[in-house]
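Pasted below: data19.tsv, TSV, C-alpha atoms.
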```tsv
chain	number	residue	atom	x	y	z
A	1064	MET	CA	0.00	0.00	0.00
A	1065	ALA	CA	2.33	2.77	1.20
A	1066	ALA	CA	6.11	2.46	1.09
A	1067	MET	CA	8.08	3.59	4.15
A	1068	ALA	CA	11.04	5.88	3.50
A	1069	ALA	CA	14.20	5.94	5.62
A	1070	SER	CA	13.19	9.28	7.22
A	1071	GLY	CA	10.05	7.81	8.81
A	1072	SER	CA	7.79	9.25	6.15
A	1073	ARG	CA	5.76	7.03	3.84
A	1074	ARG	CA	4.93	7.27	0.15
A	1075	ILE	CA	1.46	6.70	-1.25
A	1076	PRO	CA	1.22	6.23	-5.04
A	1077	LEU	CA	-1.42	8.37	-6.77
A	1078	GLN	CA	-2.43	8.97	-10.38
A	1079	ARG	CA	0.58	10.58	-12.11
A	1080	ALA	CA	1.83	11.69	-8.68
A	1081	TYR	CA	2.77	10.39	-5.24
A	1082	ALA	CA	2.17	11.65	-1.73
A	1083	VAL	CA	4.87	11.79	0.93
A	1084	VAL	CA	3.30	11.65	4.39
A	1085	GLY	CA	5.66	12.79	7.13
A	1086	PRO	CA	5.17	13.75	10.76
A	1087	ASP	CA	5.02	17.50	10.02
A	1088	ALA	CA	4.08	17.76	6.34
A	1089	ILE	CA	2.21	15.99	3.57
A	1090	VAL	CA	3.45	16.71	0.05
A	1091	VAL	CA	1.95	15.59	-3.26
A	1092	ARG	CA	4.65	15.58	-5.94
A	1093	PRO	CA	4.52	14.81	-9.67
A	1094	ALA	CA	5.57	11.30	-10.70
A	1095	ARG	CA	9.24	10.83	-11.53
A	1096	SER	CA	8.30	9.47	-14.97
A	1097	GLY	CA	7.15	12.98	-15.91
A	1098	VAL	CA	10.79	14.04	-16.29
A	1099	ILE	CA	10.95	12.21	-19.65
A	1100	GLY	CA	8.99	14.95	-21.48
A	1101	PRO	CA	11.25	17.84	-20.41
A	1102	LEU	CA	14.35	15.76	-21.21
A	1103	ILE	CA	13.08	15.07	-24.75
A	1104	GLN	CA	12.24	18.76	-25.13
A	1105	ALA	CA	15.75	19.72	-23.94
A	1106	ALA	CA	17.31	17.26	-26.40
A	1107	LEU	CA	15.30	18.79	-29.26
A	1108	ALA	CA	16.37	22.29	-28.19
A	1109	ILE	CA	20.03	21.20	-28.10
A	1110	LEU	CA	19.64	19.60	-31.53
A	1111	ALA	CA	18.12	22.84	-32.87
A	1112	VAL	CA	21.05	24.87	-31.50
A	1113	TRP	CA	23.56	22.42	-33.00
A	1114	THR	CA	21.78	22.59	-36.39
A	1115	LEU	CA	21.66	26.38	-36.17
A	1116	VAL	CA	25.38	26.72	-35.44
A	1117	THR	CA	26.59	23.99	-37.81
A	1118	PHE	CA	24.53	24.92	-40.87
A	1119	MET	CA	24.26	28.68	-40.41
A	1120	ALA	CA	26.02	29.39	-43.72
A	1121	VAL	CA	23.87	27.06	-45.85
A	1122	LEU	CA	20.34	27.13	-44.43
A	1123	PRO	CA	17.84	29.75	-45.63
A	1124	LEU	CA	17.14	32.66	-43.32
A	1125	TRP	CA	13.56	31.56	-42.56
A	1126	VAL	CA	14.79	28.12	-41.38
A	1127	LEU	CA	17.40	29.78	-39.15
A	1128	MET	CA	14.71	32.04	-37.67
A	1129	ALA	CA	12.40	29.06	-37.04
A	1130	LEU	CA	15.21	27.16	-35.30
A	1131	LEU	CA	16.09	30.22	-33.22
A	1132	LEU	CA	12.46	30.78	-32.14
A	1133	PHE	CA	12.06	27.11	-31.29
A	1134	THR	CA	15.23	27.21	-29.18
A	1135	ILE	CA	14.16	30.40	-27.38
A	1136	VAL	CA	10.84	28.80	-26.36
A	1137	ALA	CA	11.76	25.12	-25.92
A	1138	GLY	CA	15.03	25.57	-24.02
A	1139	PRO	CA	13.76	27.53	-21.00
A	1140	THR	CA	10.47	25.61	-20.75
A	1141	ALA	CA	12.42	22.33	-20.78
A	1142	VAL	CA	14.53	23.57	-17.85
A	1143	LEU	CA	11.42	24.75	-15.97
A	1144	GLY	CA	9.65	21.46	-16.61
A	1145	PHE	CA	12.68	19.47	-15.46
A	1146	VAL	CA	13.00	21.46	-12.22
A	1147	TYR	CA	9.27	21.09	-11.53
A	1148	GLN	CA	9.37	17.32	-12.07
A	1149	VAL	CA	12.41	16.92	-9.82
A	1150	ALA	CA	11.80	19.46	-7.03
A	1151	GLY	CA	8.29	20.84	-7.48
A	1152	SER	CA	5.11	19.92	-5.66
A	1153	ALA	CA	1.42	20.15	-6.48
A	1154	PHE	CA	0.08	20.22	-2.91
A	1155	LEU	CA	1.63	20.91	0.48
A	1156	MET	CA	0.09	20.62	3.96
A	1157	GLU	CA	2.26	21.84	6.84
A	1158	ARG	CA	1.41	21.25	10.48
A	1159	ARG	CA	3.63	24.10	11.74
A	1160	LYS	CA	2.05	26.73	9.48
A	1161	GLY	CA	-1.44	25.27	9.77
A	1162	THR	CA	-2.10	25.60	6.04
A	1163	CYS	CA	-2.79	23.63	2.88
A	1164	ARG	CA	-1.35	25.04	-0.34
A	1165	TRP	CA	-1.98	24.11	-3.93
A	1166	GLN	CA	1.13	25.00	-5.91
A	1167	GLN	CA	1.33	26.30	-9.44
A	1168	GLY	CA	2.47	23.63	-11.86
A	1169	PHE	CA	4.96	23.46	-14.75
A	1170	LEU	CA	5.81	27.09	-15.55
A	1171	GLY	CA	5.35	28.08	-11.91
A	1172	LEU	CA	7.81	25.32	-10.91
A	1173	GLY	CA	5.44	24.16	-8.19
A	1174	LEU	CA	6.64	27.00	-6.00
A	1175	GLY	CA	4.02	29.75	-6.22
A	1176	THR	CA	0.78	29.33	-4.32
A	1177	ALA	CA	-2.36	28.96	-6.44
A	1178	GLU	CA	-4.70	28.30	-3.48
A	1179	LEU	CA	-4.22	28.60	0.30
A	1180	VAL	CA	-6.54	27.10	2.91
A	1181	PRO	CA	-5.84	27.51	6.65
A	1182	PHE	CA	-6.73	24.53	8.85
A	1183	ASN	CA	-9.55	26.47	10.55
A	1184	ARG	CA	-11.31	26.86	7.15
A	1185	ILE	CA	-11.35	23.11	6.48
A	1186	GLY	CA	-14.82	21.60	6.83
A	1187	ARG	CA	-13.74	18.00	6.15
A	1188	MET	CA	-11.67	15.73	3.97
A	1189	GLU	CA	-13.49	13.25	1.77
A	1190	VAL	CA	-12.78	10.40	-0.59
A	1191	ALA	CA	-15.23	9.93	-3.45
A	1192	GLY	CA	-15.20	7.97	-6.67
A	1193	ASP	CA	-17.12	6.76	-9.69
A	1194	PHE	CA	-17.30	3.08	-8.71
A	1195	ASP	CA	-21.10	2.93	-9.00
A	1196	GLU	CA	-21.48	5.21	-12.04
A	1197	GLU	CA	-22.76	3.58	-15.20
A	1198	LEU	CA	-21.84	4.21	-18.80
A	1199	PRO	CA	-24.67	5.27	-21.18
A	1200	SER	CA	-24.96	1.58	-22.17
A	1201	GLY	CA	-25.79	0.62	-18.57
A	1202	ASP	CA	-22.46	-1.15	-17.98
A	1203	LEU	CA	-20.23	-0.15	-15.08
A	1204	GLN	CA	-16.95	1.70	-15.65
A	1205	ASP	CA	-13.93	-0.53	-16.39
A	1206	VAL	CA	-11.57	1.96	-14.74
A	1207	VAL	CA	-12.40	3.44	-11.34
A	1208	ARG	CA	-11.11	6.80	-10.11
A	1209	TRP	CA	-11.04	7.79	-6.42
A	1210	GLU	CA	-10.47	11.48	-5.57
A	1211	ILE	CA	-9.13	12.83	-2.29
A	1212	ARG	CA	-10.86	16.16	-1.70
A	1213	LEU	CA	-10.77	18.99	0.80
A	1214	VAL	CA	-14.17	20.56	1.47
A	1215	LYS	CA	-13.92	24.09	2.88
A	1216	ASP	CA	-16.33	25.42	5.49
A	1217	ASN	CA	-18.15	27.34	2.74
A	1218	GLY	CA	-18.76	24.14	0.72
A	1219	ARG	CA	-16.07	24.72	-1.91
A	1220	VAL	CA	-14.41	21.45	-2.98
A	1221	LEU	CA	-10.69	21.31	-3.83
A	1222	VAL	CA	-9.11	18.14	-5.25
A	1223	ILE	CA	-5.83	17.10	-3.62
A	1224	GLY	CA	-5.09	13.97	-5.63
A	1225	ALA	CA	-6.57	10.83	-7.12
A	1226	THR	CA	-5.98	7.13	-7.50
A	1227	ILE	CA	-7.07	5.14	-10.50
A	1228	ALA	CA	-7.34	1.39	-11.08
A	1229	ALA	CA	-9.09	-1.26	-13.10
A	1230	ARG	CA	-12.37	-2.35	-11.53
A	1231	PRO	CA	-10.95	-5.63	-10.09
A	1232	LEU	CA	-8.27	-3.58	-8.27
A	1233	ALA	CA	-10.61	-0.78	-7.14
A	1234	ASP	CA	-10.35	-1.82	-3.48
A	1235	GLU	CA	-6.55	-1.42	-3.50
A	1236	ALA	CA	-6.80	2.06	-5.07
A	1237	LEU	CA	-9.54	2.96	-2.58
A	1238	ALA	CA	-7.33	1.86	0.32
A	1239	ARG	CA	-4.56	4.20	-0.87
A	1240	ALA	CA	-7.02	7.09	-1.27
A	1241	ASN	CA	-8.53	6.48	2.18
A	1242	ASP	CA	-5.04	6.23	3.68
A	1243	LEU	CA	-4.09	9.65	2.32
A	1244	GLY	CA	-7.46	11.15	3.29
A	1245	GLN	CA	-7.11	9.89	6.87
A	1246	ALA	CA	-3.54	11.24	7.10
A	1247	LEU	CA	-4.66	14.65	5.81
A	1248	GLY	CA	-7.60	14.74	8.22
A	1249	ALA	CA	-5.43	13.74	11.17
A	1250	MET	CA	-2.86	16.46	10.44
A	1251	ALA	CA	-5.47	19.17	9.92
A	1252	GLY	CA	-7.64	18.06	12.84
A	1253	ALA	CA	-10.58	17.59	10.50
A	1254	ALA	CA	-12.94	14.69	9.91
A	1255	CYS	CA	-12.39	12.48	6.88
A	1256	ALA	CA	-15.36	10.93	5.10
A	1257	SER	CA	-13.77	7.76	3.73
A	1258	ALA	CA	-15.38	5.95	0.84
A	1259	ALA	CA	-16.34	2.27	0.79
A	1260	LEU	CA	-17.12	-0.23	-1.94
```

Go ahead and render the structure in this file as structure tokens.
Amino acid sequence: MAAMAASGSRRIPLQRAYAVVGPDAIVVRPARSGVIGPLIQAALAILAVWTLVTFMAVLPLWVLMALLLFTIVAGPTAVLGFVYQVAGSAFLMERRKGTCRWQQGFLGLGLGTAELVPFNRIGRMEVAGDFDEELPSGDLQDVVRWEIRLVKDNGRVLVIGATIAARPLADEALARANDLGQALGAMAGAACASAAL
């Protein structure tokens, strides 16, 4: 279910992310596999620079301009994407500060705050999914998604993360979602409405 790290924190796998639950903070970070995209983009930018420098005397001016513009855009965004995938976070709950923060993604490097909720504004945590929802044909979904949500005292719902699994493995994905929801609720001092099959 959750892997224990050497520092006493544990990791909970989510959809395209993972949560690190520690004694003083809970962090949802992007999956490590997401670094592949920025690396490919960086390789293409390096290839464009090499082509620009090597064939500057023979390529037409419009091709040189296209390569230059591609390099100007792709190079920095590749670096930003790489830093976000390695060091950025999507969500951060800190016991000491008493806040939950949703971080800006990709171009914001996961550093700037997009949403801030103090613990005293948290109504509850909840886990909800589409296990019982039917397709238009009347069949049940083949893939089940469980969302971990924070519900503010004014009723506004903010999604923290999600787990996804094939229907036969829905209970395992639900256990991970409930585990994270309970950890979030315990740190914030809020109730957690866990889901059940």

Checklist outcome for this item: What separates CA of Pro1101 (chain A) and CA of Trp1113 (chain A) is a distance of 18.2 Å

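Proximity to Ala1246 (chain A) was assessed for A:Arg1158, A:Gln1104, A:Phe1133, A:Ala1259 counting all atoms listed in the file; the smallest distance is recorded for A:Arg1158.
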
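Nearest to Leu1102 (chain A) of all the residues A:Pro1139, A:Gly1071, A:Gly1248, A:Gly1144 is A:Gly1144, based on all atoms listed in the file.
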
Padded axis-aligned box of region 1116-1132 of chain A (5 Å per side), centre and edge lengths, Å, one decimal, as lines of an AutoDock Vina configuration file:
```
center_x = 19.5
center_y = 28.3
center_z = -39.0
size_x = 24.2
size_y = 18.7
size_z = 23.7
```

Per residue of region 1176-1235 of chain A within 10 Å of region 1145-1156 of chain A, note the shortest atom pair and the distance in Å to one decimal, counting all atoms listed in the file, and order the rows by chain and increasing residue number, as a tab-separated table.
```
residue	atom	partner	partner_atom	distance
A:Thr1176	CA	A:Phe1154	CA	9.2
A:Ala1177	CA	A:Ala1153	CA	9.6
A:Glu1178	CA	A:Phe1154	CA	9.4
A:Leu1179	CA	A:Leu1155	CA	9.7
A:Val1180	CA	A:Met1156	CA	9.3
A:Pro1181	CA	A:Met1156	CA	9.5
A:Phe1182	CA	A:Met1156	CA	9.3
A:Val1222	CA	A:Phe1154	CA	9.7
A:Ile1223	CA	A:Phe1154	CA	6.7
A:Gly1224	CA	A:Phe1154	CA	8.6
```

Next on the checklist: Between A:Thr1162, A:Leu1110, A:Asn1217, A:Thr1226, which residue has the minimum interatomic distance to Ala1137 (chain A), considering all atoms listed in the file?
Outcome noted: A:Leu1110

Next on the checklist: If I take CA of Glu1197 (chain A) and CA of Ala1258 (chain A), how far is one from the other in Å, to one decimal?
Outcome noted: 17.8 Å

Checklist entry - What does the distance between CA of Arg1079 (chain A) and CA of Val1091 (chain A) come to in Å, to one decimal place? => result 10.3 Å

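Taking only C-alpha atoms into account, Pro1076 (chain A) lies nearest to A:Ala1236 out of the set A:Ala1236, A:Leu1260, A:Ala1253, A:Ala1106.
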
Item to check | Test item: residues at most 8 Å from region 1203-1216 of chain A, all atoms listed in the file, excluding those fewer than 6 positions along its chain, as a VMD selection string | outcome: chain A and resid 1180 1184 to 1197 1222 to 1230 1233 1236 to 1237 1240 to 1241 1243 to 1244

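Comparing the minimum interatomic distances between Thr1114 (chain A) and each of A:Ala1251, A:Cys1163, A:Ile1099, A:Leu1130, counting only C-alpha atoms, we find that A:Leu1130 sits nearest.
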